[in-house]
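A.B. asks: For reference, this is target_10.csv, and it has CSV, C-alpha atoms and all ligand atoms.
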```csv
chain,number,residue,atom,x,y,z
Y,244,MET,CA,-39.6,0.1,-186.0
Y,245,ASN,CA,-36.3,1.1,-187.4
Y,246,LEU,CA,-34.8,4.5,-187.5
Y,247,LYS,CA,-34.8,4.7,-191.3
Y,248,ALA,CA,-38.6,4.3,-191.3
Y,249,LEU,CA,-38.7,7.3,-189.0
Y,250,GLY,CA,-36.7,9.4,-191.5
Y,251,TRP,CA,-33.2,8.8,-190.2
Y,252,ASN,CA,-30.4,9.7,-192.7
Y,253,GLU,CA,-26.7,10.2,-193.0
Y,254,ARG,CA,-26.8,13.9,-192.0
Y,255,LEU,CA,-28.4,12.8,-188.7
Y,256,GLU,CA,-26.1,9.9,-188.2
Y,257,GLU,CA,-23.2,12.3,-188.4
Y,258,ALA,CA,-24.8,14.8,-186.0
Y,259,PHE,CA,-25.6,12.0,-183.6
Y,260,ALA,CA,-22.1,10.3,-183.6
Y,261,ALA,CA,-20.9,12.1,-180.5
Y,262,TYR,CA,-24.0,11.3,-178.6
Y,263,LYS,CA,-23.9,7.7,-179.7
Y,264,ALA,CA,-20.4,7.4,-178.3
Y,265,GLU,CA,-21.8,8.5,-174.9
Y,266,GLY,CA,-24.6,5.9,-174.9
Y,267,PHE,CA,-27.5,8.1,-176.0
Y,268,ILE,CA,-30.2,6.7,-178.2
Y,269,ALA,CA,-31.9,8.6,-181.0
Y,270,ALA,CA,-35.7,9.4,-180.9
Y,271,ARG,CA,-38.1,11.4,-183.0
Y,272,VAL,CA,-40.7,13.6,-181.4
Y,273,ALA,CA,-44.2,12.5,-182.5
Y,274,LEU,CA,-46.4,14.6,-180.1
Y,275,GLU,CA,-45.9,17.4,-177.6
Y,276,HIS,CA,-48.0,17.7,-174.5
Y,277,LYS,CA,-47.0,20.3,-172.0
Y,278,GLU,CA,-43.3,19.5,-171.9
Y,279,MET,CA,-44.0,15.8,-172.1
Y,280,TYR,CA,-43.2,14.2,-175.4
Y,281,GLN,CA,-44.3,11.1,-177.2
Y,282,LEU,CA,-41.2,9.7,-178.8
Y,283,TYR,CA,-40.5,7.0,-181.4
Y,284,THR,CA,-37.3,5.1,-181.0
Y,285,GLU,CA,-35.9,2.0,-182.6
Y,286,SER,CA,-37.6,-0.1,-179.8
Y,287,GLY,CA,-41.0,1.5,-180.2
Y,288,GLU,CA,-42.9,4.3,-178.4
Y,289,THR,CA,-41.9,6.0,-175.2
Y,290,LEU,CA,-42.6,9.1,-173.2
Y,291,GLY,CA,-39.9,11.7,-172.9
Y,292,GLU,CA,-39.2,14.7,-170.7
Y,293,ILE,CA,-36.5,17.3,-170.8
Y,294,THR,CA,-33.8,17.2,-168.2
Y,295,GLY,CA,-33.2,20.1,-165.8
Y,296,ASN,CA,-29.9,20.7,-167.5
Y,297,PHE,CA,-31.7,21.0,-170.8
Y,298,ARG,CA,-34.0,23.6,-169.3
Y,299,PHE,CA,-31.1,25.5,-168.0
Y,300,ARG,CA,-29.5,25.8,-171.4
Y,301,ALA,CA,-32.8,26.5,-173.2
Y,302,TYR,CA,-33.5,30.1,-173.4
Y,303,ASP,CA,-36.1,30.4,-176.0
Y,304,ARG,CA,-39.2,28.5,-177.1
Y,305,GLU,CA,-37.3,27.5,-180.2
Y,306,ASP,CA,-34.7,25.7,-178.0
Y,307,TYR,CA,-37.4,23.2,-177.0
Y,308,PRO,CA,-38.3,20.0,-179.0
Y,309,ALA,CA,-41.1,20.2,-181.5
Y,310,VAL,CA,-42.9,17.5,-183.6
Y,311,GLY,CA,-40.5,16.2,-186.1
Y,312,ASP,CA,-37.4,16.9,-184.1
Y,313,TRP,CA,-34.7,14.3,-183.5
Y,314,VAL,CA,-33.5,14.2,-180.0
Y,315,ALA,CA,-30.8,12.4,-178.0
Y,316,VAL,CA,-32.3,10.5,-175.1
Y,317,LYS,CA,-31.4,8.2,-172.3
Y,318,GLU,CA,-33.8,5.7,-170.7
Y,319,GLN,CA,-34.7,6.6,-167.1
Y,320,PRO,CA,-34.2,3.9,-164.4
Y,321,GLY,CA,-37.3,1.6,-164.5
Y,322,GLY,CA,-37.5,2.1,-168.3
Y,323,GLN,CA,-40.9,3.8,-168.2
Y,324,LYS,CA,-39.7,7.2,-169.5
Y,325,ALA,CA,-36.8,8.7,-171.3
Y,326,SER,CA,-34.9,11.9,-170.6
Y,327,ILE,CA,-34.2,14.3,-173.5
Y,328,TYR,CA,-30.8,15.8,-173.4
Y,329,ALA,CA,-30.4,17.5,-176.8
Y,330,ILE,CA,-32.0,18.3,-180.1
Y,331,LEU,CA,-30.1,17.4,-183.2
Y,332,PRO,CA,-29.7,20.2,-185.7
Y,333,ARG,CA,-32.9,20.9,-187.7
Y,334,GLN,CA,-32.9,20.5,-191.4
Y,335,SER,CA,-35.9,22.7,-191.7
Y,336,LYS,CA,-38.4,24.3,-189.3
Y,337,PHE,CA,-41.7,26.0,-189.3
Y,338,SER,CA,-42.2,28.6,-186.7
Y,339,ARG,CA,-44.5,31.4,-185.7
Y,340,LYS,CA,-44.4,34.2,-183.2
Y,341,ALA,CA,-45.2,32.8,-179.8
Y,342,ALA,CA,-48.5,33.9,-178.3
Y,343,GLY,CA,-48.9,37.1,-176.3
Y,344,THR,CA,-46.6,40.1,-176.4
Y,345,ASP,CA,-43.6,37.9,-176.6
Y,346,VAL,CA,-41.8,38.0,-180.0
Y,347,SER,CA,-39.9,34.8,-179.5
Y,348,GLU,CA,-40.1,32.0,-182.0
Y,349,GLN,CA,-42.2,28.9,-181.5
Y,350,ILE,CA,-41.4,25.9,-183.5
Y,351,ILE,CA,-44.4,24.0,-184.8
Y,352,ALA,CA,-42.8,21.4,-187.0
Y,353,ALA,CA,-39.2,20.4,-187.7
Y,354,ASN,CA,-37.3,18.3,-190.3
Y,355,VAL,CA,-39.8,18.5,-193.0
Y,356,ASN,CA,-38.5,17.6,-196.5
Y,357,THR,CA,-41.5,18.5,-198.6
Y,358,VAL,CA,-44.6,20.7,-198.0
Y,359,PHE,CA,-47.8,20.0,-199.8
Y,360,LEU,CA,-49.4,23.4,-200.4
Y,361,VAL,CA,-53.0,22.3,-200.7
Y,362,ASN,CA,-55.4,24.5,-202.5
Y,363,ALA,CA,-58.9,23.6,-203.6
Y,364,LEU,CA,-60.1,24.1,-207.1
Y,365,ASN,CA,-63.3,25.7,-206.1
Y,366,HIS,CA,-64.6,29.2,-205.1
Y,367,ASP,CA,-61.8,29.3,-202.6
Y,368,PHE,CA,-59.0,29.2,-205.1
Y,369,ASN,CA,-56.6,32.1,-204.5
Y,370,VAL,CA,-53.2,32.6,-206.2
Y,371,ARG,CA,-52.2,35.3,-203.6
Y,372,ARG,CA,-52.6,32.7,-200.9
Y,373,ILE,CA,-50.4,30.2,-202.8
Y,374,GLU,CA,-47.8,32.9,-203.0
Y,375,ARG,CA,-47.9,33.4,-199.2
Y,376,TYR,CA,-47.6,29.7,-198.6
Y,377,LEU,CA,-44.6,29.6,-200.9
Y,378,THR,CA,-42.9,32.3,-199.0
Y,379,ILE,CA,-43.5,30.5,-195.7
Y,380,THR,CA,-42.2,27.2,-197.2
Y,381,TRP,CA,-39.0,28.7,-198.7
Y,382,GLU,CA,-38.3,30.3,-195.3
Y,383,SER,CA,-38.7,27.0,-193.5
Y,384,GLY,CA,-36.0,25.3,-195.6
Y,385,ALA,CA,-38.4,22.6,-197.0
Y,386,ASN,CA,-39.3,22.1,-200.6
Y,387,PRO,CA,-42.8,23.2,-201.8
Y,388,VAL,CA,-45.1,21.2,-204.0
Y,389,ILE,CA,-48.4,22.6,-205.0
Y,390,ILE,CA,-51.4,20.4,-204.8
Y,391,LEU,CA,-54.6,21.5,-206.5
Y,392,SER,CA,-57.4,19.5,-204.8
Y,393,LYS,CA,-61.0,18.8,-205.5
Y,394,ALA,CA,-60.4,18.6,-209.3
Y,395,ASP,CA,-63.8,17.1,-209.6
Y,396,LEU,CA,-65.3,20.5,-208.8
Y,397,CYS,CA,-63.4,22.4,-211.5
Y,398,ALA,CA,-64.2,22.9,-215.2
Y,399,ASP,CA,-61.1,25.0,-216.1
Y,400,ILE,CA,-58.2,23.1,-214.6
Y,401,GLU,CA,-55.7,24.1,-217.3
Y,402,GLU,CA,-56.4,27.8,-216.7
Y,403,LYS,CA,-55.9,27.4,-213.0
Y,404,ILE,CA,-52.6,25.6,-213.5
Y,405,ALA,CA,-51.4,28.4,-215.8
Y,406,GLU,CA,-52.4,31.0,-213.1
Y,407,VAL,CA,-50.4,29.1,-210.5
Y,408,GLU,CA,-47.4,28.9,-212.7
Y,409,THR,CA,-47.2,32.7,-212.9
Y,410,VAL,CA,-46.4,32.8,-209.2
Y,411,ALA,CA,-44.7,29.4,-208.8
Y,412,PHE,CA,-42.4,29.0,-211.7
Y,413,GLY,CA,-40.5,25.7,-211.4
Y,414,VAL,CA,-42.5,24.4,-208.4
Y,415,PRO,CA,-44.1,21.0,-209.1
Y,416,VAL,CA,-47.9,21.2,-209.5
Y,417,HIS,CA,-50.2,18.2,-209.0
Y,418,VAL,CA,-53.9,18.1,-209.6
Y,419,ILE,CA,-55.8,15.6,-207.5
Y,420,SER,CA,-59.3,14.5,-206.6
Y,421,ALA,CA,-59.5,12.5,-203.4
Y,422,ALA,CA,-63.2,12.0,-204.1
Y,423,ARG,CA,-62.4,10.3,-207.4
Y,424,ASN,CA,-59.1,8.8,-206.3
Y,425,GLU,CA,-57.3,10.6,-209.1
Y,426,GLY,CA,-53.7,11.9,-209.1
Y,427,LEU,CA,-52.7,10.3,-205.8
Y,428,GLU,CA,-50.1,7.9,-207.1
Y,429,GLU,CA,-48.1,10.8,-208.4
Y,430,LEU,CA,-47.6,11.9,-204.9
Y,431,GLU,CA,-45.9,8.7,-203.8
Y,432,ARG,CA,-42.5,10.0,-205.0
Y,433,TYR,CA,-42.3,12.5,-202.2
Y,434,PHE,CA,-42.3,9.8,-199.6
Y,435,GLN,CA,-39.5,7.8,-201.1
Y,436,GLN,CA,-36.5,7.2,-198.9
Y,437,ASN,CA,-38.8,7.7,-195.9
Y,438,GLU,CA,-39.0,11.5,-196.4
Y,439,THR,CA,-41.2,13.7,-194.3
Y,440,VAL,CA,-44.1,15.7,-195.8
Y,441,ALA,CA,-46.2,18.3,-194.1
Y,442,LEU,CA,-49.4,19.9,-195.3
Y,443,LEU,CA,-50.3,23.5,-195.5
Y,444,GLY,CA,-53.6,24.8,-196.7
Y,445,SER,CA,-56.8,26.5,-195.5
Y,446,SER,CA,-59.4,24.7,-193.5
Y,447,GLY,CA,-61.7,22.6,-195.7
Y,448,VAL,CA,-59.4,22.1,-198.7
Y,449,GLY,CA,-59.2,18.4,-198.1
Y,450,LYS,CA,-56.0,17.9,-196.1
Y,451,SER,CA,-57.5,15.2,-193.8
Y,452,THR,CA,-59.1,13.5,-196.7
Y,453,LEU,CA,-55.8,13.4,-198.5
Y,454,ILE,CA,-54.0,12.0,-195.5
Y,455,ASN,CA,-56.6,9.2,-195.2
Y,456,ARG,CA,-56.1,8.3,-198.8
Y,457,LEU,CA,-52.4,8.3,-198.6
Y,458,TYR,CA,-52.6,6.2,-195.4
Y,459,GLY,CA,-55.2,3.9,-196.9
Y,460,GLU,CA,-57.4,4.1,-193.9
Y,461,ASP,CA,-59.4,6.8,-192.1
Y,462,ILE,CA,-57.1,8.0,-189.4
Y,463,GLN,CA,-57.8,11.8,-189.5
Y,464,SER,CA,-61.3,13.0,-189.0
Y,465,VAL,CA,-62.8,14.7,-192.0
Y,466,LYS,CA,-65.2,17.5,-191.3
Y,467,GLU,CA,-68.3,17.9,-193.4
Y,468,ILE,CA,-68.6,21.2,-195.0
Y,469,ARG,CA,-71.1,22.7,-197.4
Y,470,GLU,CA,-69.4,23.6,-200.7
Y,471,ASP,CA,-71.5,26.7,-201.2
Y,472,ASP,CA,-70.5,28.7,-198.2
Y,473,GLY,CA,-67.6,26.7,-196.8
Y,474,ARG,CA,-69.1,26.5,-193.3
Y,475,GLY,CA,-68.5,23.4,-191.3
Y,476,ARG,CA,-67.7,21.8,-188.0
Y,477,HIS,CA,-64.2,21.9,-186.5
Y,478,THR,CA,-61.8,19.1,-187.2
Y,479,THR,CA,-60.0,17.4,-184.3
Y,480,THR,CA,-56.8,15.9,-185.2
Y,481,HIS,CA,-55.4,13.1,-183.1
Y,482,ARG,CA,-52.2,12.1,-184.9
Y,483,GLU,CA,-49.3,14.5,-185.6
Y,484,LEU,CA,-46.5,12.4,-186.9
Y,485,ILE,CA,-47.9,9.7,-189.1
Y,486,LEU,CA,-45.9,6.8,-190.5
Y,487,LEU,CA,-47.4,5.7,-193.8
Y,488,PRO,CA,-47.7,1.9,-194.2
Y,489,GLY,CA,-45.9,2.1,-197.5
Y,490,GLY,CA,-43.0,4.2,-196.1
Y,491,GLY,CA,-42.7,7.9,-195.6
Y,492,ILE,CA,-43.9,10.2,-192.8
Y,493,LEU,CA,-46.6,12.9,-192.7
Y,494,ILE,CA,-46.7,15.7,-190.2
Y,495,ASP,CA,-50.1,17.3,-189.4
Y,496,THR,CA,-50.0,19.4,-186.3
Y,497,PRO,CA,-52.6,21.8,-184.9
Y,498,GLY,CA,-49.8,24.4,-185.1
Y,499,MET,CA,-49.4,23.9,-188.8
Y,500,ARG,CA,-53.2,24.2,-189.2
Y,501,GLU,CA,-53.3,27.4,-187.2
Y,502,LEU,CA,-50.4,28.8,-189.2
Y,503,GLN,CA,-52.9,28.9,-192.1
Y,504,LEU,CA,-55.3,31.1,-190.2
Y,505,TRP,CA,-52.6,33.3,-188.9
Y,506,GLU,CA,-51.2,33.6,-192.4
Y,507,SER,CA,-54.6,34.5,-193.9
Y,508,GLU,CA,-54.8,37.4,-191.4
Y,509,GLU,CA,-51.3,38.3,-192.5
Y,510,SER,CA,-52.2,38.2,-196.1
Y,511,LEU,CA,-54.2,41.3,-195.5
Y,512,SER,CA,-51.0,43.2,-196.0
Y,513,HIS,CA,-51.1,41.8,-199.5
Y,514,SER,CA,-54.1,43.9,-200.3
Y,515,PHE,CA,-52.0,47.0,-199.8
Y,516,ALA,CA,-50.2,46.2,-203.0
Y,517,ASP,CA,-52.1,49.0,-204.8
Y,518,ILE,CA,-50.8,51.6,-202.2
Y,519,GLU,CA,-47.3,50.4,-202.7
Y,520,GLU,CA,-47.6,50.7,-206.4
Y,521,LEU,CA,-48.9,54.3,-206.0
Y,522,ALA,CA,-46.0,55.1,-203.7
Y,523,ASP,CA,-43.6,54.0,-206.4
Y,524,GLN,CA,-44.9,56.9,-208.5
Y,525,CYS,CA,-44.3,59.6,-205.8
Y,526,ARG,CA,-41.8,62.2,-206.9
Y,527,PHE,CA,-39.5,61.5,-204.0
Y,528,ARG,CA,-38.3,58.0,-203.3
Y,529,ASP,CA,-38.4,58.6,-199.6
Y,530,CYS,CA,-41.9,60.2,-199.7
Y,531,ARG,CA,-43.8,59.9,-196.4
Y,532,HIS,CA,-47.0,60.8,-198.2
Y,533,GLU,CA,-47.6,63.7,-195.8
Y,534,SER,CA,-47.2,67.1,-197.6
Y,535,GLU,CA,-44.5,66.4,-200.1
Y,536,PRO,CA,-45.0,67.8,-203.6
Y,537,GLY,CA,-45.8,65.2,-206.3
Y,538,CYS,CA,-47.1,62.6,-203.9
Y,539,ALA,CA,-49.1,60.1,-205.9
Y,540,VAL,CA,-50.7,58.6,-202.8
Y,541,LYS,CA,-52.1,61.9,-201.5
Y,542,SER,CA,-53.4,62.8,-205.0
Y,543,ALA,CA,-55.1,59.4,-205.3
Y,544,ILE,CA,-56.9,60.1,-202.0
Y,545,GLU,CA,-57.9,63.6,-203.2
Y,546,ASP,CA,-59.4,62.4,-206.4
Y,547,GLY,CA,-61.1,59.5,-204.7
Y,548,HIS,CA,-59.1,56.6,-206.2
Y,549,LEU,CA,-57.8,55.6,-202.8
Y,550,ASP,CA,-59.9,55.4,-199.7
Y,551,GLU,CA,-58.4,57.5,-196.8
Y,552,SER,CA,-59.3,55.0,-194.1
Y,553,ARG,CA,-57.6,52.3,-196.1
Y,554,PHE,CA,-54.5,54.4,-196.3
Y,555,ASN,CA,-54.6,54.9,-192.5
Y,556,ASN,CA,-54.8,51.1,-192.0
Y,557,TYR,CA,-51.8,50.8,-194.2
Y,558,LEU,CA,-49.9,53.3,-192.1
Y,559,LYS,CA,-50.9,51.5,-188.9
Y,560,LEU,CA,-49.7,48.2,-190.3
Y,561,GLN,CA,-46.4,49.8,-191.2
Y,562,ARG,CA,-45.9,51.2,-187.8
Y,563,GLU,CA,-46.7,47.8,-186.2
Y,564,LEU,CA,-44.2,46.1,-188.4
Y,565,ALA,CA,-41.5,48.7,-187.6
Y,566,PHE,CA,-42.3,48.3,-183.9
Y,567,LEU,CA,-42.0,44.5,-184.1
Y,568,GLU,CA,-38.7,44.9,-185.8
Y,569,ARG,CA,-37.3,47.2,-183.2
Y,570,LYS,CA,-38.6,45.0,-180.4
Y,571,ASN,CA,-36.9,42.0,-182.1
Y,572,ASN,CA,-33.6,43.7,-182.3
Y,573,LYS,CA,-33.7,44.8,-178.7
Y,574,LYS,CA,-34.7,41.3,-177.6
Y,575,ALA,CA,-31.9,39.8,-179.6
Y,576,ARG,CA,-29.3,42.1,-177.9
Y,577,LEU,CA,-30.7,41.3,-174.5
Y,578,GLU,CA,-30.6,37.5,-175.2
Y,579,GLU,CA,-27.1,37.7,-176.4
Y,580,LYS,CA,-26.0,39.4,-173.2
Y,581,GLU,CA,-27.9,36.9,-171.1
Y,582,ARG,CA,-26.4,34.0,-173.0
Y,583,ARG,CA,-22.9,35.3,-172.4
Y,584,LYS,CA,-23.6,35.7,-168.7
Y,585,ARG,CA,-24.8,32.1,-168.5
Y,586,THR,CA,-21.8,30.6,-170.2
Y,587,THR,CA,-19.4,32.6,-168.1
Y,588,LYS,CA,-21.2,31.4,-165.0
Y,589,ALA,CA,-21.2,27.8,-166.2
Y,590,HIS,CA,-17.5,28.1,-166.8
Y,591,ARG,CA,-16.8,29.4,-163.3
Y,592,GLN,CA,-18.8,26.6,-161.8
Y,593,LYS,CA,-16.6,24.1,-163.6
Z,601,LIG,P1,-59.2,19.9,-194.2
Z,601,LIG,O1,-59.9,20.9,-193.3
Z,601,LIG,O2,-58.2,20.5,-195.1
Z,601,LIG,O3,-58.6,18.7,-193.5
Z,601,LIG,O4,-60.4,19.3,-195.1
Z,601,LIG,P2,-61.1,17.9,-195.0
Z,601,LIG,O5,-60.3,16.8,-195.5
Z,601,LIG,O6,-61.8,17.8,-193.7
Z,601,LIG,O7,-62.3,18.0,-196.2
Z,601,LIG,C1,-63.2,19.1,-196.2
Z,601,LIG,C2,-64.4,18.7,-197.1
Z,601,LIG,O8,-64.0,18.6,-198.4
Z,601,LIG,C3,-65.0,17.3,-196.7
Z,601,LIG,O9,-66.4,17.5,-196.8
Z,601,LIG,C4,-64.5,16.4,-197.7
Z,601,LIG,O10,-65.3,15.3,-198.0
Z,601,LIG,C5,-64.4,17.3,-199.0
Z,601,LIG,N1,-63.4,16.8,-199.9
Z,601,LIG,C6,-62.1,16.4,-199.7
Z,601,LIG,N2,-61.5,16.0,-200.9
Z,601,LIG,C7,-62.4,16.2,-201.8
Z,601,LIG,C8,-62.4,16.1,-203.3
Z,601,LIG,O11,-61.4,15.6,-203.9
Z,601,LIG,N3,-63.5,16.4,-204.0
Z,601,LIG,C9,-64.6,16.9,-203.3
Z,601,LIG,N4,-65.7,17.2,-204.1
Z,601,LIG,N5,-64.7,17.1,-202.0
Z,601,LIG,C10,-63.6,16.8,-201.3
Z,602,ZN,ZN,-46.0,60.1,-201.5
```
Using structure tokens, write down the structure from this file.
Ligand code: GDP
Ligand code: ZN

C.D. replies:
Amino acid sequence: MNLKALGWNERLEEAFAAYKAEGFIAARVALEHKEMYQLYTESGETLGEITGNFRFRAYDREDYPAVGDWVAVKEQPGGQKASIYAILPRQSKFSRKAAGTDVSEQIIAANVNTVFLVNALNHDFNVRRIERYLTITWESGANPVIILSKADLCADIEEKIAEVETVAFGVPVHVISAARNEGLEELERYFQQNETVALLGSSGVGKSTLINRLYGEDIQSVKEIREDDGRGRHTTTHRELILLPGGGILIDTPGMRELQLWESEESLSHSFADIEELADQCRFRDCRHESEPGCAVKSAIEDGHLDESRFNNYLKLQRELAFLERKNNKKARLEEKERRKRTTKAHRQK
């Protein structure tokens, strides 16, 4: 293995220079398992664990390595394992709110160049969802590419492309059929220079099938689903950082797959677009839709155009978002204080 095949580039070379001078070697995280990491280095595969010092400096979940990260390591005596000392700056990252009541960020994939937003050209086709995926991708720092899959099931492809283009102006759109082996060679350009691609898309749209086609061998298990109701068995994925035989890297983590579920719950908020439109028509810009005169929302409820329980759900969601924001702000302040305390302490110990 050479570092270039793993996605190494000049930006990383620069960031790594200081570590290199100290005798560290560079490794890419291929899999995470309870603070143990499978790493790819120039000399092959190795297991890595973070050092006590690393743990001391890490405050948040986001400070820990994730699949796709580049880390500076040293081989442990005996050569069985490596110690992870630092994470090189991320070029892009996908994160989600960590589980529980915690609002800290959990990184689920790092250093992704391109994201394939996979959407099936069947009953599941949904432009609003594509819009959501685009937002997530822009936030991550990676470049989106829209893949319309299962073209063999669609009779009005041109129409669907036109629909997509209304929400994704300037984003490349590719139509593929893994079943018929169509459109796949067009995707090769995204793997040139050993770039890293991740996949985003609802369950059953054909991500595993696409990975297998790109790899040229069945390495991810494909679940059988019935096209009519979309039901099927669960997929178990075994590889998370996949080196394609022809060059290029694919990232497919359970986290990325869950992100889709999480996002589809989130996209509920999208269905409140009608309420926000009504609110725009209220007489007062800061209308709280309580008892203000000229409230378009209240009058829509009164004349039956808007369901009152729907409006209450909307208010509830708004309150939750506001709460989360306050909590985030408070947490950020506490963290900053804590961090300062730690650095002063570390200084004194020196
Ligand atoms: P994933 O959940 O996104 O990884 O989806 P899978 O790759 O597991 O595919 C789900 C189902 O869609 C399987 O039954 C596949 O055989 C089927 N499938 C995948 N690609 C195509 C395609 O191009 N055309 C058709 N008709 N079915 C496909
Ligand atoms: Zn109002």

A.B. asks: Please write out the residues within 8 Å of ligand ZN 602 (chain Z) as a ChimeraX atom specification, counting all atoms listed in the file.

C.D. replies: /Y:521-522,524-527,529-533,535,537-541

A.B. asks: 6 Å from ligand LIG 601 (chain Z) is the threshold here; counting only C-alpha atoms and all ligand atoms, which polymer residues fall inside it? Answer as a PyMOL selection string.

C.D. replies: chain Y and resi 392-393+395-396+420-422+446-452+465-468

A.B. asks: Counting all atoms listed in the file, which residues come within 12 Å of (-49.2, 49.1, -204.9), with the point read in the file's coordinates, and could you list them as a VMD selection string?

C.D. replies: chain Y and resid 512 to 525 539 to 540 543 549 554 557

A.B. asks: Residues at most 6 Å from segment 327-338 of chain Y, counting all atoms listed in the file, excluding those fewer than 3 positions away in the same chain, as a PyMOL selection string?

C.D. replies: chain Y and resi 292-293+297+313-316+349-355+383-385

A.B. asks: Restricting the output to C-alpha atoms, write the selected residues as a PDB file, keeping the file's coordinate frame.

C.D. replies:
```pdb
ATOM      1  CA  GLU Y 292     -39.200  14.700-170.700  1.00  0.00           C
ATOM      2  CA  ILE Y 293     -36.500  17.300-170.800  1.00  0.00           C
ATOM      3  CA  PHE Y 297     -31.700  21.000-170.800  1.00  0.00           C
ATOM      4  CA  TRP Y 313     -34.700  14.300-183.500  1.00  0.00           C
ATOM      5  CA  VAL Y 314     -33.500  14.200-180.000  1.00  0.00           C
ATOM      6  CA  ALA Y 315     -30.800  12.400-178.000  1.00  0.00           C
ATOM      7  CA  VAL Y 316     -32.300  10.500-175.100  1.00  0.00           C
ATOM      8  CA  GLN Y 349     -42.200  28.900-181.500  1.00  0.00           C
ATOM      9  CA  ILE Y 350     -41.400  25.900-183.500  1.00  0.00           C
ATOM     10  CA  ILE Y 351     -44.400  24.000-184.800  1.00  0.00           C
ATOM     11  CA  ALA Y 352     -42.800  21.400-187.000  1.00  0.00           C
ATOM     12  CA  ALA Y 353     -39.200  20.400-187.700  1.00  0.00           C
ATOM     13  CA  ASN Y 354     -37.300  18.300-190.300  1.00  0.00           C
ATOM     14  CA  VAL Y 355     -39.800  18.500-193.000  1.00  0.00           C
ATOM     15  CA  SER Y 383     -38.700  27.000-193.500  1.00  0.00           C
ATOM     16  CA  GLY Y 384     -36.000  25.300-195.600  1.00  0.00           C
ATOM     17  CA  ALA Y 385     -38.400  22.600-197.000  1.00  0.00           C
TER      18      ALA Y 385
END
```

A.B. asks: Could you check which of Y:Glu408, Y:Glu551, Y:Asp495, Y:Glu401 is closest to Gly311 of chain Y, using only C-alpha atoms?

C.D. replies: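 Answer, going by the shortest atom-to-atom distance: Y:Asp495.
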
A.B. asks: Need the shell around Glu305 of chain Y: protein/DNA/RNA residues with any atom at most 8 Å away, counting all atoms listed in the file. Skip same-chain ones fewer than 2 positions apart. Format as a list in words?

C.D. replies: Asp303, Tyr307, Pro308, Ser347, Glu348, Gln349 and Ile350 of chain Y

A.B. asks: Between Y:Leu249, Y:Ala258, Y:Leu377, Y:Ala309, which is the closest to Glu278 of chain Y once you count only C-alpha atoms?

C.D. replies: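 Using only C-alpha atoms, Glu278 of chain Y sits closest to Y:Ala309.
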
A.B. asks: For Thr409 of chain Y, which of Y:Glu460, Y:Thr294, Y:Glu374, Y:Glu545 is the closest residue, counting all atoms listed in the file?

C.D. replies: Y:Glu374

A.B. asks: Calculate how many Å separate atom CA of Ile389 of chain Y from atom CA of His417 of chain Y, rounding to one decimal.

C.D. replies: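 Atom CA of Ile389 of chain Y sits 6.2 Å away from atom CA of His417 of chain Y.
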
A.B. asks: Could you please determine the separation between atom CA of Leu391 of chain Y and atom CA of Leu427 of chain Y in Å, to one decimal place?

C.D. replies: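 Between these atoms lies a distance of 11.4 Å.
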
A.B. asks: Have a look at Y:Gln319, Y:Gly295, Y:Ala248, Y:Arg528 and name the one nearest to Ile268 of chain Y; count only C-alpha atoms.

C.D. replies: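 When distances to Ile268 of chain Y are compared using only C-alpha atoms, the smallest one comes from Y:Gln319.
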
A.B. asks: So which residues touch Glu438 of chain Y within 10 Å, counting only C-alpha atoms, skipping near sequence neighbours fewer than 2 positions away, as a list in words?

C.D. replies: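 Contacts, with the query itself left out: Lys247, Ala248, Leu249, Gly250, Trp251, Asn252, Asn354, Val355, Asn356, Thr357, Arg432, Tyr433, Phe434, Gln435, Gln436, Val440, Gly490, Gly491, Ile492 and Leu493 of chain Y.
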
A.B. asks: Quote the spacing between atom CA of Arg271 of chain Y and atom CA of Asp312 of chain Y in Å to one decimal place.

C.D. replies: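 Computed distance, atom CA of Arg271 of chain Y to atom CA of Asp312 of chain Y, equals 5.7 Å.
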
A.B. asks: Go through Y:Val272, Y:Leu290, Y:Ile462, Y:Ala394 and flag the residue nearest Val310 of chain Y, using only C-alpha atoms for the distances.

C.D. replies: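 The shortest atom-to-atom distance to Val310 of chain Y comes from Y:Val272.
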
A.B. asks: Please, which residues are within 8 Å of (-43.1, 3.3, -168.3) by the file's coordinates, counting all atoms listed in the file, and could they come as a list in words?

C.D. replies: Thr289, Leu290, Gly321, Gly322, Gln323 and Lys324 of chain Y

A.B. asks: Compare Y:Ser326, Y:Ser445, Y:Thr284, Y:Asn369 by their minimum atom-to-atom distance to Leu502 of chain Y, counting all atoms listed in the file, and give me the closest one.

C.D. replies: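 Among the listed residues, Y:Ser445 lies closest to Leu502 of chain Y.
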